[in-house]
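In what follows, a structure is listed as structure tokens, so that the remarks can point back to it.
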Amino acid sequence: MKIFPIGTVSNGSSSGTIDGISYSMFEPNVTCHSNKVHTILVTQFENQSLLTRKKALPFLTITYEYADIFNREYRQIEHFVDDVEDALSSFFVVDFSKGLTPSSITLSSGDWVVAIDNTRLYSSTANQKANRAFIWDGINWKEGQIASVSTNTSITVDIDANNYGALSLADAQTNGMVYPLYEVYLTQNALQNFKSTKFIHADINNSEDGGYMKTGKITFVTKYKV
């Protein structure tokens, strides 16, 4: 399983790897926004009547925007894009614009029951809406498939089937936020909007961050209907 921008995730770790390099999760530092897209064909006639037809199922576009990120962070994004070969392969991405703070998170038969008052983005049916959830405290995270949804009351997240992430239940209960996790593709030429900005001289103390900072945005399109 690959999650943007950290790569392939593994059991019990909040890091991901790409080509043996370990990467940590970080949010877009400007904004994340998502929009539901309805592909409806509309024909208007002289008598003002309309003929409408659904061309395809609705999907979601998710955009991450960055400003003056370090060269190190941009290299991580670039490495991920190269690994999935731009728009060729699907992976998972967090919709940070739809995060909620749970009123409680409890353990039930190995799953986490996450109490939220708006569950409409989540589905326990495969290949519909957000079939997975991402729970993060800003440092560590857990993710899992949605086992069940109690409408506008809670979602049950199966966090032990794969045990991805290192977030503890105690830390989730104290500082965790829950986000929808979607399977997506990149749009074509995903990094074309990134431009170089400020230059940081690479001395011995910041050799990883040295080089040109980058500003730009990257857009994802969901694989399944939402």
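We name chains A, B, ... following the order of the structure tokens; residues begin at 1 in each chain, and ligands are numbered from 1 as shown.
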
Selection near range 100-113 of chain A, 9 Å with only C-alpha atoms, sequence-local residues under 6 positions removed, as a ChimeraX atom specification: /A:144,147,154-161,169,172-173,175-179

Go ahead and write the residues just picked, all heavy atoms, as a short mmCIF file (atom, residue, chain, number, x, y, z; two decimals), in the first residue's frame.
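Below is the file selection_39.cif, written as the result:
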data_model
loop_
_atom_site.label_atom_id
_atom_site.label_comp_id
_atom_site.auth_asym_id
_atom_site.auth_seq_id
_atom_site.Cartn_x
_atom_site.Cartn_y
_atom_site.Cartn_z
N GLY A 144 -7.00 2.51 8.28
CA GLY A 144 -7.67 1.23 8.18
C GLY A 144 -8.93 1.31 7.36
O GLY A 144 -9.46 2.40 7.08
N ALA A 147 -15.02 -0.60 8.53
CA ALA A 147 -15.75 -1.86 8.76
C ALA A 147 -17.25 -1.62 8.82
O ALA A 147 -18.03 -2.47 8.37
CB ALA A 147 -15.26 -2.52 10.04
N SER A 154 -20.75 7.41 14.23
CA SER A 154 -19.38 6.89 14.32
C SER A 154 -19.03 6.08 13.08
O SER A 154 -19.91 5.64 12.33
CB SER A 154 -19.21 6.01 15.56
OG SER A 154 -19.99 4.83 15.44
N ILE A 155 -17.74 5.90 12.89
CA ILE A 155 -17.21 4.96 11.91
C ILE A 155 -16.33 3.96 12.65
O ILE A 155 -15.63 4.33 13.60
CB ILE A 155 -16.41 5.65 10.78
CG1 ILE A 155 -15.26 6.49 11.36
CG2 ILE A 155 -17.32 6.50 9.90
CD1 ILE A 155 -14.33 7.08 10.29
N THR A 156 -16.40 2.72 12.24
CA THR A 156 -15.54 1.68 12.83
C THR A 156 -14.41 1.40 11.87
O THR A 156 -14.65 1.03 10.71
CB THR A 156 -16.33 0.40 13.12
OG1 THR A 156 -17.38 0.71 14.04
CG2 THR A 156 -15.45 -0.67 13.72
N VAL A 157 -13.17 1.59 12.33
CA VAL A 157 -12.00 1.49 11.47
C VAL A 157 -11.21 0.24 11.85
O VAL A 157 -10.78 0.09 12.99
CB VAL A 157 -11.10 2.75 11.62
CG1 VAL A 157 -9.94 2.68 10.63
CG2 VAL A 157 -11.92 4.02 11.40
N ASP A 158 -11.02 -0.63 10.89
CA ASP A 158 -10.27 -1.87 11.10
C ASP A 158 -8.78 -1.56 11.02
O ASP A 158 -8.18 -1.58 9.95
CB ASP A 158 -10.67 -2.90 10.04
CG ASP A 158 -10.00 -4.25 10.25
OD1 ASP A 158 -9.18 -4.37 11.18
OD2 ASP A 158 -10.29 -5.18 9.49
N ILE A 159 -8.19 -1.28 12.18
CA ILE A 159 -6.78 -0.85 12.21
C ILE A 159 -5.81 -2.02 12.39
O ILE A 159 -4.60 -1.82 12.31
CB ILE A 159 -6.53 0.22 13.29
CG1 ILE A 159 -7.00 -0.26 14.68
CG2 ILE A 159 -7.26 1.51 12.95
CD1 ILE A 159 -5.95 -0.94 15.48
N ASP A 160 -6.33 -3.22 12.65
CA ASP A 160 -5.42 -4.33 12.92
C ASP A 160 -5.30 -5.32 11.77
O ASP A 160 -4.49 -6.24 11.83
CB ASP A 160 -5.82 -5.06 14.20
CG ASP A 160 -7.20 -5.68 14.11
OD1 ASP A 160 -7.95 -5.34 13.18
OD2 ASP A 160 -7.54 -6.50 14.99
N ALA A 161 -6.08 -5.14 10.69
CA ALA A 161 -5.98 -6.07 9.56
C ALA A 161 -4.59 -6.00 8.93
O ALA A 161 -3.98 -7.02 8.59
CB ALA A 161 -7.04 -5.75 8.51
N LEU A 169 -3.47 4.09 20.72
CA LEU A 169 -4.84 4.45 21.04
C LEU A 169 -4.88 5.63 22.00
O LEU A 169 -5.70 6.55 21.84
CB LEU A 169 -5.57 3.25 21.66
CG LEU A 169 -7.01 3.49 22.12
CD1 LEU A 169 -7.90 3.93 20.96
CD2 LEU A 169 -7.58 2.24 22.79
N ALA A 172 -4.17 8.75 20.07
CA ALA A 172 -5.31 9.04 19.20
C ALA A 172 -6.44 9.67 20.00
O ALA A 172 -7.10 10.62 19.55
CB ALA A 172 -5.79 7.76 18.52
N GLN A 173 -6.68 9.15 21.19
CA GLN A 173 -7.75 9.68 22.04
C GLN A 173 -7.45 11.09 22.51
O GLN A 173 -8.37 11.89 22.72
CB GLN A 173 -7.96 8.75 23.23
CG GLN A 173 -8.55 7.40 22.87
CD GLN A 173 -8.50 6.40 24.01
OE1 GLN A 173 -7.60 6.44 24.85
NE2 GLN A 173 -9.45 5.49 24.04
N ASN A 175 -5.06 13.44 20.95
CA ASN A 175 -4.75 14.46 19.93
C ASN A 175 -5.15 14.06 18.51
O ASN A 175 -4.85 14.80 17.57
CB ASN A 175 -3.24 14.76 19.93
CG ASN A 175 -2.78 15.38 21.24
OD1 ASN A 175 -3.36 16.36 21.70
ND2 ASN A 175 -1.75 14.80 21.84
N GLY A 176 -5.80 12.92 18.33
CA GLY A 176 -6.05 12.43 16.99
C GLY A 176 -7.15 13.18 16.25
O GLY A 176 -8.14 13.60 16.83
N MET A 177 -6.95 13.34 14.95
CA MET A 177 -7.98 13.79 14.03
C MET A 177 -8.18 12.72 12.98
O MET A 177 -7.23 11.99 12.64
CB MET A 177 -7.62 15.12 13.37
CG MET A 177 -7.65 16.31 14.31
SD MET A 177 -7.42 17.89 13.45
CE MET A 177 -8.92 17.96 12.45
N VAL A 178 -9.39 12.61 12.43
CA VAL A 178 -9.67 11.59 11.44
C VAL A 178 -9.94 12.25 10.09
O VAL A 178 -10.62 13.29 10.02
CB VAL A 178 -10.87 10.70 11.87
CG1 VAL A 178 -12.14 11.51 12.02
CG2 VAL A 178 -11.07 9.56 10.88
N TYR A 179 -9.37 11.66 9.05
CA TYR A 179 -9.48 12.19 7.69
C TYR A 179 -9.89 11.06 6.74
O TYR A 179 -9.49 9.90 6.93
CB TYR A 179 -8.13 12.73 7.20
CG TYR A 179 -7.50 13.78 8.08
CD1 TYR A 179 -6.69 13.41 9.16
CD2 TYR A 179 -7.68 15.13 7.83
CE1 TYR A 179 -6.09 14.36 9.96
CE2 TYR A 179 -7.08 16.09 8.62
CZ TYR A 179 -6.29 15.71 9.69
OH TYR A 179 -5.70 16.66 10.48
#

Residue set, range 57-143 of chain A restricted to helix (DSSP H, G or I), as a PyMOL selection string: chain A and resi 71-83+96-98

Sel. of strand (DSSP E or B) residues, range 108-214 of chain A, as number ranges by chain: A: 108, 111-115, 122, 128, 130, 132-136, 141-150, 154-158, 164-165, 177-186, 195-200, 211-214

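Going from CA of His201 in chain A to CA of Phe80 in chain A covers 25.0 Å.
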
Closest pair table for range 60-156 of chain A residues within 12 Å of range 24-33 of chain A, only C-alpha atoms, as a Markdown table:
| residue | atom | partner | partner_atom | distance |
| --- | --- | --- | --- | --- |
| A:Leu60 | CA | A:His33 | CA | 10.3 |
| A:Thr61 | CA | A:His33 | CA | 8.3 |
| A:Ile62 | CA | A:His33 | CA | 5.8 |
| A:Thr63 | CA | A:His33 | CA | 5.5 |
| A:Tyr64 | CA | A:Cys32 | CA | 4.7 |
| A:Glu65 | CA | A:Thr31 | CA | 5.4 |
| A:Tyr66 | CA | A:Val30 | CA | 5.2 |
| A:Ala67 | CA | A:Val30 | CA | 6.2 |
| A:Asp68 | CA | A:Asn29 | CA | 8.8 |
| A:Ile69 | CA | A:Asn29 | CA | 7.9 |
| A:Phe70 | CA | A:Asn29 | CA | 11.1 |
| A:Arg72 | CA | A:Ser24 | CA | 11.6 |
| A:Glu73 | CA | A:Phe26 | CA | 8.7 |
| A:Tyr74 | CA | A:Pro28 | CA | 11.1 |
| A:Gln76 | CA | A:Ser24 | CA | 9.3 |
| A:Ile77 | CA | A:Phe26 | CA | 10.4 |
| A:Val93 | CA | A:Glu27 | CA | 10.9 |
| A:Val94 | CA | A:Glu27 | CA | 9.2 |
| A:Asp95 | CA | A:Cys32 | CA | 7.2 |
| A:Phe96 | CA | A:Cys32 | CA | 5.9 |
| A:Ser97 | CA | A:Cys32 | CA | 5.3 |
| A:Lys98 | CA | A:His33 | CA | 8.4 |
| A:Gly99 | CA | A:Cys32 | CA | 10.6 |
| A:Phe134 | CA | A:Met25 | CA | 11.7 |
| A:Trp136 | CA | A:Met25 | CA | 9.8 |
| A:Asp137 | CA | A:Met25 | CA | 11.1 |
| A:Gly138 | CA | A:Phe26 | CA | 8.2 |
| A:Ile139 | CA | A:Met25 | CA | 7.9 |
| A:Asn140 | CA | A:Met25 | CA | 8.5 |
| A:Trp141 | CA | A:Met25 | CA | 8.9 |
| A:Lys142 | CA | A:Met25 | CA | 11.8 |

Please save N, CA and C atoms of the selected residues as a PDB file, in the first residue's frame.
ATOM      1  N   LEU A  60     -13.967  12.860  -7.192  1.00  0.00           N
ATOM      2  CA  LEU A  60     -13.430  13.933  -6.361  1.00  0.00           C
ATOM      3  C   LEU A  60     -12.061  14.350  -6.882  1.00  0.00           C
ATOM      4  N   THR A  61     -11.822  15.648  -6.922  1.00  0.00           N
ATOM      5  CA  THR A  61     -10.468  16.153  -7.145  1.00  0.00           C
ATOM      6  C   THR A  61      -9.952  16.718  -5.825  1.00  0.00           C
ATOM      7  N   ILE A  62      -8.727  16.372  -5.489  1.00  0.00           N
ATOM      8  CA  ILE A  62      -8.082  16.840  -4.255  1.00  0.00           C
ATOM      9  C   ILE A  62      -6.801  17.564  -4.653  1.00  0.00           C
ATOM     10  N   THR A  63      -6.632  18.778  -4.171  1.00  0.00           N
ATOM     11  CA  THR A  63      -5.453  19.573  -4.522  1.00  0.00           C
ATOM     12  C   THR A  63      -4.671  19.953  -3.277  1.00  0.00           C
ATOM     13  N   TYR A  64      -3.372  19.679  -3.310  1.00  0.00           N
ATOM     14  CA  TYR A  64      -2.449  20.122  -2.267  1.00  0.00           C
ATOM     15  C   TYR A  64      -1.678  21.327  -2.804  1.00  0.00           C
ATOM     16  N   GLU A  65      -1.603  22.392  -2.011  1.00  0.00           N
ATOM     17  CA  GLU A  65      -0.837  23.579  -2.407  1.00  0.00           C
ATOM     18  C   GLU A  65       0.296  23.822  -1.410  1.00  0.00           C
ATOM     19  N   TYR A  66       1.466  24.111  -1.957  1.00  0.00           N
ATOM     20  CA  TYR A  66       2.673  24.312  -1.153  1.00  0.00           C
ATOM     21  C   TYR A  66       3.306  25.670  -1.485  1.00  0.00           C
ATOM     22  N   ALA A  67       3.929  26.283  -0.495  1.00  0.00           N
ATOM     23  CA  ALA A  67       4.670  27.523  -0.720  1.00  0.00           C
ATOM     24  C   ALA A  67       6.008  27.451   0.003  1.00  0.00           C
ATOM     25  N   ASP A  68       7.081  27.683  -0.745  1.00  0.00           N
ATOM     26  CA  ASP A  68       8.439  27.734  -0.187  1.00  0.00           C
ATOM     27  C   ASP A  68       8.762  26.513   0.670  1.00  0.00           C
ATOM     28  N   ILE A  69       8.480  25.325   0.144  1.00  0.00           N
ATOM     29  CA  ILE A  69       8.885  24.113   0.860  1.00  0.00           C
ATOM     30  C   ILE A  69      10.367  23.867   0.587  1.00  0.00           C
ATOM     31  N   PHE A  70      11.021  23.199   1.527  1.00  0.00           N
ATOM     32  CA  PHE A  70      12.439  22.931   1.387  1.00  0.00           C
ATOM     33  C   PHE A  70      12.697  21.994   0.207  1.00  0.00           C
ATOM     34  N   ARG A  72      14.454  19.464   0.238  1.00  0.00           N
ATOM     35  CA  ARG A  72      14.307  18.104   0.769  1.00  0.00           C
ATOM     36  C   ARG A  72      12.866  17.610   0.636  1.00  0.00           C
ATOM     37  N   GLU A  73      11.904  18.465   0.964  1.00  0.00           N
ATOM     38  CA  GLU A  73      10.497  18.084   0.884  1.00  0.00           C
ATOM     39  C   GLU A  73      10.054  17.917  -0.568  1.00  0.00           C
ATOM     40  N   TYR A  74      10.527  18.802  -1.431  1.00  0.00           N
ATOM     41  CA  TYR A  74      10.168  18.672  -2.844  1.00  0.00           C
ATOM     42  C   TYR A  74      10.767  17.400  -3.442  1.00  0.00           C
ATOM     43  N   GLN A  76      11.227  14.650  -1.944  1.00  0.00           N
ATOM     44  CA  GLN A  76      10.380  13.546  -1.497  1.00  0.00           C
ATOM     45  C   GLN A  76       9.145  13.428  -2.390  1.00  0.00           C
ATOM     46  N   ILE A  77       8.471  14.545  -2.658  1.00  0.00           N
ATOM     47  CA  ILE A  77       7.304  14.543  -3.542  1.00  0.00           C
ATOM     48  C   ILE A  77       7.695  14.060  -4.937  1.00  0.00           C
ATOM     49  N   VAL A  93      -4.366   8.864  -0.889  1.00  0.00           N
ATOM     50  CA  VAL A  93      -4.050  10.226  -0.450  1.00  0.00           C
ATOM     51  C   VAL A  93      -5.058  10.656   0.607  1.00  0.00           C
ATOM     52  N   VAL A  94      -4.591  11.454   1.564  1.00  0.00           N
ATOM     53  CA  VAL A  94      -5.423  11.975   2.647  1.00  0.00           C
ATOM     54  C   VAL A  94      -6.079  13.273   2.197  1.00  0.00           C
ATOM     55  N   ASP A  95      -7.387  13.385   2.406  1.00  0.00           N
ATOM     56  CA  ASP A  95      -8.064  14.657   2.163  1.00  0.00           C
ATOM     57  C   ASP A  95      -8.009  15.470   3.453  1.00  0.00           C
ATOM     58  N   PHE A  96      -6.940  16.282   3.570  1.00  0.00           N
ATOM     59  CA  PHE A  96      -6.742  17.056   4.791  1.00  0.00           C
ATOM     60  C   PHE A  96      -7.794  18.153   4.969  1.00  0.00           C
ATOM     61  N   SER A  97      -8.539  18.482   3.918  1.00  0.00           N
ATOM     62  CA  SER A  97      -9.555  19.524   4.038  1.00  0.00           C
ATOM     63  C   SER A  97     -10.807  19.033   4.745  1.00  0.00           C
ATOM     64  N   LYS A  98     -10.922  17.723   4.965  1.00  0.00           N
ATOM     65  CA  LYS A  98     -12.143  17.172   5.551  1.00  0.00           C
ATOM     66  C   LYS A  98     -11.872  16.502   6.906  1.00  0.00           C
ATOM     67  N   GLY A  99     -10.893  17.003   7.631  1.00  0.00           N
ATOM     68  CA  GLY A  99     -10.568  16.429   8.929  1.00  0.00           C
ATOM     69  C   GLY A  99     -11.589  16.795  10.000  1.00  0.00           C
ATOM     70  N   PHE A 134      -7.880   7.757   7.930  1.00  0.00           N
ATOM     71  CA  PHE A 134      -6.514   8.067   8.355  1.00  0.00           C
ATOM     72  C   PHE A 134      -6.625   8.878   9.640  1.00  0.00           C
ATOM     73  N   TRP A 136      -4.530  10.754  12.652  1.00  0.00           N
ATOM     74  CA  TRP A 136      -3.200  11.350  12.778  1.00  0.00           C
ATOM     75  C   TRP A 136      -3.179  12.346  13.934  1.00  0.00           C
ATOM     76  N   ASP A 137      -2.070  12.339  14.684  1.00  0.00           N
ATOM     77  CA  ASP A 137      -1.907  13.333  15.751  1.00  0.00           C
ATOM     78  C   ASP A 137      -0.844  14.370  15.398  1.00  0.00           C
ATOM     79  N   GLY A 138      -0.450  14.405  14.123  1.00  0.00           N
ATOM     80  CA  GLY A 138       0.579  15.341  13.665  1.00  0.00           C
ATOM     81  C   GLY A 138       1.963  14.733  13.647  1.00  0.00           C
ATOM     82  N   ILE A 139       2.122  13.574  14.297  1.00  0.00           N
ATOM     83  CA  ILE A 139       3.413  12.878  14.312  1.00  0.00           C
ATOM     84  C   ILE A 139       3.229  11.440  13.837  1.00  0.00           C
ATOM     85  N   ASN A 140       2.415  10.702  14.534  1.00  0.00           N
ATOM     86  CA  ASN A 140       2.140   9.312  14.173  1.00  0.00           C
ATOM     87  C   ASN A 140       0.714   9.170  13.653  1.00  0.00           C
ATOM     88  N   TRP A 141       0.480   8.082  12.940  1.00  0.00           N
ATOM     89  CA  TRP A 141      -0.838   7.872  12.342  1.00  0.00           C
ATOM     90  C   TRP A 141      -1.199   6.387  12.341  1.00  0.00           C
ATOM     91  N   LYS A 142      -2.479   6.129  12.155  1.00  0.00           N
ATOM     92  CA  LYS A 142      -3.021   4.804  11.878  1.00  0.00           C
ATOM     93  C   LYS A 142      -4.002   4.943  10.727  1.00  0.00           C
TER      94      LYS A 142
END

Shortest interatomic distance to Val81 in chain A - which of A:Leu181, A:Val42, A:Ala166, A:Ile3, counting only C-alpha atoms: A:Ile3
